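Asker: Sharing coords-v8.cif, mmCIF, C-alpha atoms:
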data_data
#
loop_
_atom_site.group_PDB
_atom_site.id
_atom_site.type_symbol
_atom_site.label_atom_id
_atom_site.label_comp_id
_atom_site.auth_asym_id
_atom_site.auth_seq_id
_atom_site.Cartn_x
_atom_site.Cartn_y
_atom_site.Cartn_z
ATOM 1 C CA MET A 30 -4.174 -20.330 6.245
ATOM 2 C CA LYS A 31 -7.611 -18.713 6.484
ATOM 3 C CA ARG A 32 -8.215 -15.188 5.199
ATOM 4 C CA LEU A 33 -11.032 -12.876 6.278
ATOM 5 C CA VAL A 34 -11.531 -9.555 4.469
ATOM 6 C CA LEU A 35 -13.535 -6.805 6.122
ATOM 7 C CA LEU A 36 -14.665 -4.082 3.727
ATOM 8 C CA ARG A 37 -16.360 -0.926 4.907
ATOM 9 C CA HIS A 38 -18.803 0.172 2.205
ATOM 10 C CA GLY A 39 -17.708 2.836 -0.263
ATOM 11 C CA GLU A 40 -18.483 6.452 0.478
ATOM 12 C CA SER A 41 -22.235 6.980 0.714
ATOM 13 C CA ILE A 42 -24.177 10.099 -0.235
ATOM 14 C CA TRP A 43 -24.548 10.952 3.453
ATOM 15 C CA ASN A 44 -20.844 10.254 4.124
ATOM 16 C CA LYS A 45 -20.165 12.853 1.445
ATOM 17 C CA GLU A 46 -22.588 15.268 3.156
ATOM 18 C CA ASN A 47 -21.047 14.424 6.568
ATOM 19 C CA ARG A 48 -24.338 13.205 8.031
ATOM 20 C CA PHE A 49 -25.007 10.566 10.669
ATOM 21 C CA THR A 50 -26.434 7.650 8.691
ATOM 22 C CA GLY A 51 -26.937 4.627 10.942
ATOM 23 C CA TRP A 52 -29.847 2.434 9.807
ATOM 24 C CA LYS A 53 -31.081 4.993 7.279
ATOM 25 C CA ASP A 54 -30.881 3.435 3.814
ATOM 26 C CA VAL A 55 -28.592 5.636 1.721
ATOM 27 C CA ASP A 56 -26.837 4.640 -1.516
ATOM 28 C CA LEU A 57 -23.241 5.124 -2.639
ATOM 29 C CA SER A 58 -21.855 8.370 -3.986
ATOM 30 C CA GLU A 59 -19.904 8.387 -7.267
ATOM 31 C CA ARG A 60 -16.708 8.189 -5.239
ATOM 32 C CA GLY A 61 -18.173 5.272 -3.287
ATOM 33 C CA VAL A 62 -18.889 3.361 -6.501
ATOM 34 C CA GLU A 63 -15.281 3.855 -7.614
ATOM 35 C CA GLU A 64 -13.990 2.777 -4.190
ATOM 36 C CA ALA A 65 -15.975 -0.470 -4.356
ATOM 37 C CA ILE A 66 -14.757 -1.233 -7.884
ATOM 38 C CA GLU A 67 -11.164 -0.456 -6.899
ATOM 39 C CA ALA A 68 -11.473 -2.784 -3.889
ATOM 40 C CA GLY A 69 -12.445 -5.555 -6.311
ATOM 41 C CA ARG A 70 -9.455 -4.807 -8.528
ATOM 42 C CA VAL A 71 -7.053 -4.917 -5.581
ATOM 43 C CA LEU A 72 -8.508 -8.139 -4.173
ATOM 44 C CA LYS A 73 -8.406 -9.820 -7.577
ATOM 45 C CA LYS A 74 -4.803 -8.730 -8.100
ATOM 46 C CA GLU A 75 -3.892 -10.193 -4.694
ATOM 47 C CA GLY A 76 -5.373 -13.533 -5.688
ATOM 48 C CA PHE A 77 -8.421 -13.690 -3.431
ATOM 49 C CA GLN A 78 -11.051 -16.253 -4.458
ATOM 50 C CA PHE A 79 -13.937 -15.941 -2.033
ATOM 51 C CA ARG A 80 -16.335 -18.865 -1.704
ATOM 52 C CA LEU A 81 -19.035 -16.803 0.022
ATOM 53 C CA ALA A 82 -19.702 -13.325 1.377
ATOM 54 C CA TYR A 83 -21.706 -11.482 4.008
ATOM 55 C CA THR A 84 -23.340 -8.082 4.098
ATOM 56 C CA SER A 85 -25.979 -6.070 5.947
ATOM 57 C CA TYR A 86 -29.561 -5.157 5.034
ATOM 58 C CA LEU A 87 -28.464 -1.670 3.952
ATOM 59 C CA THR A 88 -28.108 -0.643 0.304
ATOM 60 C CA ARG A 89 -24.714 1.028 0.567
ATOM 61 C CA ALA A 90 -23.115 -2.183 1.840
ATOM 62 C CA ILE A 91 -25.013 -4.434 -0.578
ATOM 63 C CA HIS A 92 -24.046 -2.317 -3.588
ATOM 64 C CA THR A 93 -20.425 -2.229 -2.422
ATOM 65 C CA LEU A 94 -20.416 -6.007 -2.284
ATOM 66 C CA TRP A 95 -22.012 -6.332 -5.737
ATOM 67 C CA LEU A 96 -19.493 -3.975 -7.331
ATOM 68 C CA THR A 97 -16.509 -5.582 -5.603
ATOM 69 C CA LEU A 98 -17.540 -9.125 -6.504
ATOM 70 C CA GLY A 99 -18.442 -8.032 -10.018
ATOM 71 C CA GLU A 100 -14.923 -6.740 -10.562
ATOM 72 C CA MET A 101 -13.615 -10.114 -9.325
ATOM 73 C CA ASP A 102 -15.945 -12.190 -11.540
ATOM 74 C CA LEU A 103 -17.433 -13.630 -8.354
ATOM 75 C CA ILE A 104 -20.978 -12.257 -8.498
ATOM 76 C CA TRP A 105 -22.279 -15.830 -8.461
ATOM 77 C CA ILE A 106 -21.033 -16.831 -5.003
ATOM 78 C CA PRO A 107 -23.499 -17.238 -2.093
ATOM 79 C CA VAL A 108 -24.205 -14.023 -0.174
ATOM 80 C CA TYR A 109 -25.681 -13.968 3.326
ATOM 81 C CA LYS A 110 -27.472 -10.816 4.504
ATOM 82 C CA THR A 111 -28.164 -10.019 8.143
ATOM 83 C CA TRP A 112 -29.352 -7.026 10.151
ATOM 84 C CA ARG A 113 -26.657 -7.903 12.680
ATOM 85 C CA LEU A 114 -24.101 -6.403 10.272
ATOM 86 C CA ASN A 115 -26.048 -3.130 10.033
ATOM 87 C CA GLU A 116 -24.379 0.090 11.101
ATOM 88 C CA LYS A 117 -24.793 1.286 14.672
ATOM 89 C CA HIS A 118 -28.155 3.029 15.070
ATOM 90 C CA TYR A 119 -27.587 6.746 15.746
ATOM 91 C CA GLY A 120 -31.015 7.495 17.200
ATOM 92 C CA ILE A 121 -32.322 11.010 16.630
ATOM 93 C CA LEU A 122 -28.954 12.050 15.146
ATOM 94 C CA GLN A 123 -29.631 10.118 11.930
ATOM 95 C CA GLY A 124 -29.665 12.538 9.009
ATOM 96 C CA LEU A 125 -28.033 15.393 10.948
ATOM 97 C CA ASN A 126 -24.717 16.969 9.963
ATOM 98 C CA LYS A 127 -21.804 15.904 12.194
ATOM 99 C CA SER A 128 -19.932 19.210 12.108
ATOM 100 C CA GLU A 129 -23.105 21.176 12.836
ATOM 101 C CA MET A 130 -23.763 18.939 15.829
ATOM 102 C CA ALA A 131 -20.180 19.560 16.994
ATOM 103 C CA GLU A 132 -20.771 23.319 16.735
ATOM 104 C CA LYS A 133 -23.960 22.956 18.784
ATOM 105 C CA TYR A 134 -22.907 20.407 21.418
ATOM 106 C CA GLY A 135 -19.089 20.493 21.244
ATOM 107 C CA ASP A 136 -16.517 18.113 19.760
ATOM 108 C CA GLU A 137 -16.304 16.076 22.971
ATOM 109 C CA GLN A 138 -20.030 15.336 23.204
ATOM 110 C CA VAL A 139 -20.288 14.376 19.531
ATOM 111 C CA LEU A 140 -17.221 12.144 19.886
ATOM 112 C CA ILE A 141 -18.941 10.420 22.818
ATOM 113 C CA TRP A 142 -22.081 9.843 20.738
ATOM 114 C CA ARG A 143 -20.031 8.613 17.778
ATOM 115 C CA ARG A 144 -17.355 6.572 19.447
ATOM 116 C CA SER A 145 -17.801 6.006 23.175
ATOM 117 C CA TYR A 146 -18.193 2.367 24.016
ATOM 118 C CA ASP A 147 -21.355 2.423 26.114
ATOM 119 C CA VAL A 148 -23.073 5.818 25.690
ATOM 120 C CA PRO A 149 -25.736 5.793 22.937
ATOM 121 C CA PRO A 150 -27.078 8.904 21.177
ATOM 122 C CA PRO A 151 -30.556 10.086 22.241
ATOM 123 C CA PRO A 152 -33.143 7.517 21.046
ATOM 124 C CA MET A 153 -35.859 7.962 18.450
ATOM 125 C CA GLU A 154 -39.412 8.101 19.689
ATOM 126 C CA ASN A 155 -41.372 4.919 19.044
ATOM 127 C CA ASP A 156 -43.740 6.734 16.667
ATOM 128 C CA ASP A 157 -40.936 8.445 14.706
ATOM 129 C CA PRO A 158 -41.531 7.509 11.020
ATOM 130 C CA ARG A 159 -37.772 6.932 10.703
ATOM 131 C CA HIS A 160 -37.923 4.169 13.337
ATOM 132 C CA PRO A 161 -36.824 0.810 11.834
ATOM 133 C CA ARG A 162 -39.919 -0.901 13.231
ATOM 134 C CA PHE A 163 -41.795 0.656 10.288
ATOM 135 C CA ASP A 164 -39.321 -0.782 7.741
ATOM 136 C CA HIS A 165 -40.542 -3.958 6.017
ATOM 137 C CA ARG A 166 -37.078 -5.535 5.939
ATOM 138 C CA TYR A 167 -37.130 -5.840 9.747
ATOM 139 C CA ARG A 168 -40.597 -7.386 9.978
ATOM 140 C CA ASP A 169 -39.256 -10.739 11.230
ATOM 141 C CA MET A 170 -37.198 -9.258 14.057
ATOM 142 C CA LYS A 171 -38.401 -9.415 17.642
ATOM 143 C CA PRO A 172 -39.572 -5.994 18.873
ATOM 144 C CA SER A 173 -36.897 -6.147 21.572
ATOM 145 C CA GLU A 174 -34.204 -6.518 18.887
ATOM 146 C CA ILE A 175 -35.174 -3.415 16.881
ATOM 147 C CA PRO A 176 -33.151 -0.456 18.173
ATOM 148 C CA ALA A 177 -34.186 3.168 18.576
ATOM 149 C CA THR A 178 -30.516 3.989 19.262
ATOM 150 C CA GLU A 179 -27.353 1.994 19.984
ATOM 151 C CA SER A 180 -24.004 2.336 21.683
ATOM 152 C CA LEU A 181 -20.968 0.561 20.257
ATOM 153 C CA LYS A 182 -21.314 -1.893 23.153
ATOM 154 C CA GLU A 183 -24.783 -2.872 21.944
ATOM 155 C CA THR A 184 -23.525 -3.118 18.355
ATOM 156 C CA VAL A 185 -20.729 -5.441 19.492
ATOM 157 C CA GLU A 186 -23.217 -7.533 21.456
ATOM 158 C CA ARG A 187 -25.270 -8.226 18.325
ATOM 159 C CA ILE A 188 -22.348 -8.872 15.948
ATOM 160 C CA VAL A 189 -19.920 -10.988 18.029
ATOM 161 C CA PRO A 190 -22.354 -13.926 18.526
ATOM 162 C CA TYR A 191 -22.969 -13.900 14.752
ATOM 163 C CA TRP A 192 -19.220 -13.981 14.160
ATOM 164 C CA LYS A 193 -18.799 -16.918 16.545
ATOM 165 C CA ASP A 194 -21.840 -18.922 15.431
ATOM 166 C CA ASP A 195 -21.744 -18.301 11.687
ATOM 167 C CA ILE A 196 -18.996 -16.284 9.972
ATOM 168 C CA SER A 197 -16.039 -17.907 11.761
ATOM 169 C CA LYS A 198 -17.387 -21.395 11.086
ATOM 170 C CA LYS A 199 -17.846 -20.633 7.391
ATOM 171 C CA LEU A 200 -14.325 -19.218 7.306
ATOM 172 C CA MET A 201 -12.992 -22.458 8.801
ATOM 173 C CA GLU A 202 -14.797 -24.457 6.113
ATOM 174 C CA GLN A 203 -14.165 -22.254 3.071
ATOM 175 C CA GLY A 204 -10.800 -20.636 3.750
ATOM 176 C CA GLU A 205 -11.673 -17.144 2.452
ATOM 177 C CA VAL A 206 -14.655 -14.969 3.335
ATOM 178 C CA LEU A 207 -15.551 -11.366 2.467
ATOM 179 C CA VAL A 208 -17.679 -9.207 4.795
ATOM 180 C CA ALA A 209 -18.931 -5.910 3.344
ATOM 181 C CA ALA A 210 -20.550 -3.854 6.078
ATOM 182 C CA HIS A 211 -20.195 -0.633 8.086
ATOM 183 C CA GLY A 212 -17.736 1.263 10.221
ATOM 184 C CA ASN A 213 -19.160 0.297 13.602
ATOM 185 C CA SER A 214 -20.312 -3.258 12.905
ATOM 186 C CA LEU A 215 -16.850 -3.999 11.491
ATOM 187 C CA ARG A 216 -15.212 -2.257 14.459
ATOM 188 C CA GLY A 217 -17.114 -4.708 16.649
ATOM 189 C CA ILE A 218 -15.536 -7.643 14.817
ATOM 190 C CA VAL A 219 -12.080 -6.036 14.908
ATOM 191 C CA LYS A 220 -12.434 -5.317 18.631
ATOM 192 C CA TYR A 221 -13.186 -8.960 19.296
ATOM 193 C CA LEU A 222 -10.508 -10.401 16.988
ATOM 194 C CA LYS A 223 -7.729 -8.143 18.298
ATOM 195 C CA ASN A 224 -8.974 -7.946 21.898
ATOM 196 C CA ILE A 225 -9.012 -4.146 21.798
ATOM 197 C CA SER A 226 -10.022 -2.466 25.036
ATOM 198 C CA ASN A 227 -13.219 -0.457 25.430
ATOM 199 C CA GLU A 228 -11.101 2.691 25.718
ATOM 200 C CA ASP A 229 -8.820 2.069 22.731
ATOM 201 C CA ILE A 230 -11.598 1.102 20.303
ATOM 202 C CA ILE A 231 -12.599 4.795 20.247
ATOM 203 C CA GLY A 232 -9.425 5.515 18.261
ATOM 204 C CA LEU A 233 -9.988 2.908 15.540
ATOM 205 C CA ASN A 234 -11.045 4.528 12.257
ATOM 206 C CA LEU A 235 -11.882 2.366 9.244
ATOM 207 C CA PRO A 236 -11.636 4.043 5.825
ATOM 208 C CA THR A 237 -14.325 3.467 3.215
ATOM 209 C CA GLY A 238 -13.632 0.997 0.433
ATOM 210 C CA ILE A 239 -10.259 -0.283 1.700
ATOM 211 C CA PRO A 240 -9.966 -4.073 2.188
ATOM 212 C CA TYR A 241 -8.822 -5.003 5.697
ATOM 213 C CA VAL A 242 -7.286 -8.497 5.732
ATOM 214 C CA PHE A 243 -7.060 -10.870 8.712
ATOM 215 C CA GLU A 244 -4.959 -14.022 8.361
ATOM 216 C CA PHE A 245 -5.522 -17.014 10.673
ATOM 217 C CA ASP A 246 -3.788 -20.341 11.051
ATOM 218 C CA ASP A 247 -5.760 -23.569 10.641
ATOM 219 C CA GLU A 248 -6.815 -23.422 14.316
ATOM 220 C CA MET A 249 -8.215 -19.896 13.748
ATOM 221 C CA ASN A 250 -5.500 -18.147 15.721
ATOM 222 C CA LEU A 251 -4.995 -14.647 14.335
ATOM 223 C CA GLN A 252 -1.556 -14.306 12.732
ATOM 224 C CA LYS A 253 -1.613 -10.808 11.256
ATOM 225 C CA ASP A 254 -3.886 -8.079 9.936
ATOM 226 C CA TYR A 255 -3.276 -5.345 7.372
ATOM 227 C CA PHE A 256 -4.961 -2.983 4.921
ATOM 228 C CA LEU A 257 -4.531 -3.546 1.188
ATOM 229 C CA GLY A 258 -3.412 -0.468 -0.707
ATOM 230 C CA ASP A 259 -1.001 2.447 -0.689
ATOM 231 C CA PRO A 260 -0.075 3.186 2.970
ATOM 232 C CA GLU A 261 -0.011 6.956 2.446
ATOM 233 C CA VAL A 262 -3.435 6.979 0.778
ATOM 234 C CA ILE A 263 -4.832 4.807 3.576
ATOM 235 C CA ARG A 264 -3.324 7.098 6.235
ATOM 236 C CA LYS A 265 -5.035 10.130 4.685
ATOM 237 C CA LEU A 266 -8.360 8.290 4.437
ATOM 238 C CA ILE A 267 -8.166 7.272 8.111
ATOM 239 C CA GLU A 268 -7.484 10.898 9.077
ATOM 240 C CA GLU A 269 -10.460 11.963 6.978
ATOM 241 C CA VAL A 270 -12.743 9.617 8.926
ATOM 242 C CA ALA A 271 -11.322 10.759 12.266
ATOM 243 C CA ASN A 272 -11.972 14.434 11.459
ATOM 244 C CA GLN A 273 -15.574 14.059 10.254
ATOM 245 C CA ALA A 274 -17.246 15.214 13.450
ATOM 246 C CA LYS A 275 -15.007 18.133 14.339
ATOM 247 C CA LYS A 276 -16.040 21.753 14.203
ATOM 248 C CA LYS A 277 -15.340 23.472 10.886
#
What's the structure tokens form of this structure?
Answerer:
Amino acid sequence: MKRLVLLRHGESIWNKENRFTGWKDVDLSERGVEEAIEAGRVLKKEGFQFRLAYTSYLTRAIHTLWLTLGEMDLIWIPVYKTWRLNEKHYGILQGLNKSEMAEKYGDEQVLIWRRSYDVPPPPMENDDPRHPRFDHRYRDMKPSEIPATESLKETVERIVPYWKDDISKKLMEQGEVLVAAHGNSLRGIVKYLKNISNEDIIGLNLPTGIPYVFEFDDEMNLQKDYFLGDPEVIRKLIEEVANQAKKK
């Protein structure tokens, strides 16, 4: 049996403030730190022994991974970082409050920007100082790869090849792999693994800091998937994510 664990980063400061974050580098809130530590406790209790891990270039995911592995006494294992695991880029919405945008544009429009499969938010201008082309960590990317906005479709298109070419092969070799990343990059992996339709993926909400386990047979056929933790707590956290962008 092979076991993949997807872990959305703990609550960030901008999650707490209900802001669109995207590629903006924001750290964990106090709650987010506790969520990451608790994820490590749960995974250790369940007997996980990861041989390697993956994360994005963004601090909130990296710190989540550090805290989780630290709680498991696994801080020494190899960690691979890639921009392909970054959150979906939210264009000019980055930094803006989700509920305020819903008040201004309506729940339906904000839901489309957040969750539609192929409609991206309005893009950043090329000279916007927030544009990732000005960020040193992306200096080795091709200009055509650096987004000014992204739809979920574009996020899936950058993450699925990385899953096929790298993560899945390492999982075959090592047996257990942890991926600490973001709501939309992880939704891209889940969409692919479970063959979720473009329409139904809109309804998938991943809670922060809750390990999501995928079990495969030795031929990498998916056998089952499940969250680790109290089902009622997880249900409430999923509802919390779903309601973030609604009018107050």
Asker: Since I can't run it myself right now, could you work out what the PyMOL selection byres ((chain A and resi 80) around 12) selects here and report it as a list in words?
Answerer: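 Taken on the displayed file, the PyMOL selection byres ((chain A and resi 80) around 12) yields the residues Lys31, Arg32, Leu33, Phe77, Gln78, Phe79, Leu81, Ala82, Tyr83, Leu98, Met101, Asp102, Leu103, Ile104, Trp105, Ile106, Pro107, Val108, Tyr109, Lys199, Leu200, Met201, Glu202, Gln203, Gly204, Glu205, Val206, Leu207 and Val208 of chain A.
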Asker: From the options A:Phe49, A:Tyr86, A:Trp112, A:Tyr221, which residue's atoms come nearest to Pro150 (chain A), counting only C-alpha atoms?
Answerer: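 Using only C-alpha atoms, the shortest distance to Pro150 (chain A) belongs to A:Phe49.
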Asker: Residues around (-21.4, -5.6, -4.4), cut-off 10 Å, counting only C-alpha atoms - what are they as a ChimeraX atom specification?
Answerer: /A:38,62,65-66,69,82,84,88-100,103-104,108,209
Asker: Counting all atoms listed in the file, figure out which residue out of A:Leu235, A:Lys53, A:Asp247, A:Lys45 gets nearest to Pro158 (chain A).
Answerer: A:Lys53
Asker: Suppose a student applies the PyMOL selection byres ((chain A and resi 176) around 12) to this structure; what residues should they get, written as a PyMOL selection string?
Answerer: chain A and resi 51-52+112-113+115-121+149-155+159-163+167+170-175+177-180+183-184+187
Asker: CA of Ile231 (chain A) and CA of Tyr146 (chain A) are how many Å apart?
Answerer: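 Going from CA of Ile231 (chain A) over to CA of Tyr146 (chain A) covers 7.2 Å.
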Asker: Report, in Å with one decimal, the straight-line distance from CA of Tyr134 (chain A) to CA of Leu122 (chain A).
Answerer: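 Rounded to one decimal, the two atoms are 12.1 Å apart.
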Asker: Using all atoms listed in the file, which of the listed residues (A:Glu137, A:Asp147, A:Asp254, A:Asp164) sits closest to Val219 (chain A)?
Answerer: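 Between A:Glu137, A:Asp147, A:Asp254, A:Asp164, the residue approaching Val219 (chain A) most closely is A:Asp254.
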Asker: Here is a test: counting all atoms listed in the file, which residue of A:Leu72, A:Glu129, A:Asn213, A:Asn234 is nearest to Glu186 (chain A)?
Answerer: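 When distances to Glu186 (chain A) are compared using all atoms listed in the file, the smallest one comes from A:Asn213.
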Asker: In Å, rounded to a single decimal, give me how far CA of Pro240 (chain A) is from CA of Glu40 (chain A).
Answerer: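 Here the two named atoms are 13.6 Å from each other.
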Asker: Would you mind telling me which residue in A:Lys265, A:Arg48, A:Arg37, A:Lys223 lies nearest to Gly124 (chain A) when using all atoms listed in the file?
Answerer: A:Arg48
Asker: For Glu228 (chain A), which residue among A:Ser197, A:Ser145, A:Ser85, A:Thr111 is the nearest when counting only C-alpha atoms?
Answerer: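 Checking each of A:Ser197, A:Ser145, A:Ser85, A:Thr111 against Glu228 (chain A), counting only C-alpha atoms, the winner is A:Ser145.
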Asker: I need every residue sitting at most 7 Å from the point (-5.9, -10.7, 12.5) (coordinates as in the file, all atoms listed in the file considered), written as a PyMOL selection string.
Answerer: chain A and resi 222-223+243-245+251-254
